[in-house]
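First the structure, in the form of structure tokens, and then the observations on it.
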Amino acid sequence: MSVSADSEPVSCTVKPPVFLQLGDAKTDTVKSGVCIVDVTLPFGKSVNIEEISFKNFYTAYVTVRLLRKIPGQEAAAKWTTALRDLALMENPHTEGGSQDYSSIHRAQMQVVPDHVMSVRFILRQPSSAWMNFNLQEIKIFRHLEPDPEKEVSDLLSDLTLVNFRPDLEGLPDPSTVSSSIQQMWALTEVMQTNQTTASIGRFDVDGCYDVNLLSVP
């Protein structure tokens with residue numbers, strides 16, 4: 001997904017293309033088919049890159065190199081290759097893809113494009129059919145770390161609150177059940193209060209049972 005639709009490109013300076021020539025530059029005008037385009041960022045500022053977009057102009061292949069300076073390290077800024085020989089045309093000798101818009105995303109790069117101070121494009125066009133080739137409308141977009149609080153807020157805003165009501169069909173009325181339980185509890189209290197400890201005298205004779213009373217006629 002392109003980020004160019006909802007973010008502003010980084011302020012940068014695109015230098016004029018430099019074509020490499022074979023032989024003596026003053027007397028020989030034969031071009032090597034290789035062109036260098038440098039893009040510099042504001043002095044003293046580095047950028048974490050999310051995406052680079054451009055419009056092709058008859059470039060067959062592009063290699064991207066990054067000048068990076070790691071914060072906190074004494075070492076000088078160093079050039080590293082982020083992407084090598086990305087094909088921009090279907091065939092260098094035909095028109096296909098010669099003027100298409102393209103984007104290079106962060107995930108495509110072979111190194112993490114952070115703390116970048118300058119970007120260098122090495123363009124190649126092996127076909128002699130095109131005298132000039134270049135990249136136009138070069139734009140660099142900054143990589144932004146996601147805000148965890150915003151992500152949680154967005155997630156909560158997407159949730160649909162549901163008014164949950166349990167299905168009580170077929171169950172007795174809770175108020176009726178509560179009333180019945182209270183009545184049973186009251187009855188139990190009355191029975192415990194009125195319970196007697198006296199012996200039943202019908203079968204009890206001086207602490208013994210009358211056999212005749214227990215016998216079956």
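Labels for the structure tokens follow display order: chains A, B, ..., residues from 1 in each chain, ligands from 1.
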
| Residues flagged strand (DSSP E or B) by DSSP in region 74-138 of chain A, as a ChimeraX atom specification | /A:78-87,101-105,116-124,134-138

| task | Quick one: everything within 6 Å of region 110-127 of chain A, counting only C-alpha atoms, minus sequence neighbours fewer than 4 positions away in the same chain. Send it as number ranges by chain. | result | A: 33-41, 46-49, 59-69, 82, 92-93

| task | In Å, rounded to a single decimal, give me how far CA of Lys55 (chain A) is from CA of Asp100 (chain A). | result |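 Going from CA of Asp100 (chain A) over to CA of Lys55 (chain A), I get 5.8 Å.
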
| Gap from CA of Met131 (chain A) to CA of Cys12 (chain A) - Å, one decimal |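 Atom-to-atom, CA of Met131 (chain A) and CA of Cys12 (chain A) are spaced 27.3 Å apart.
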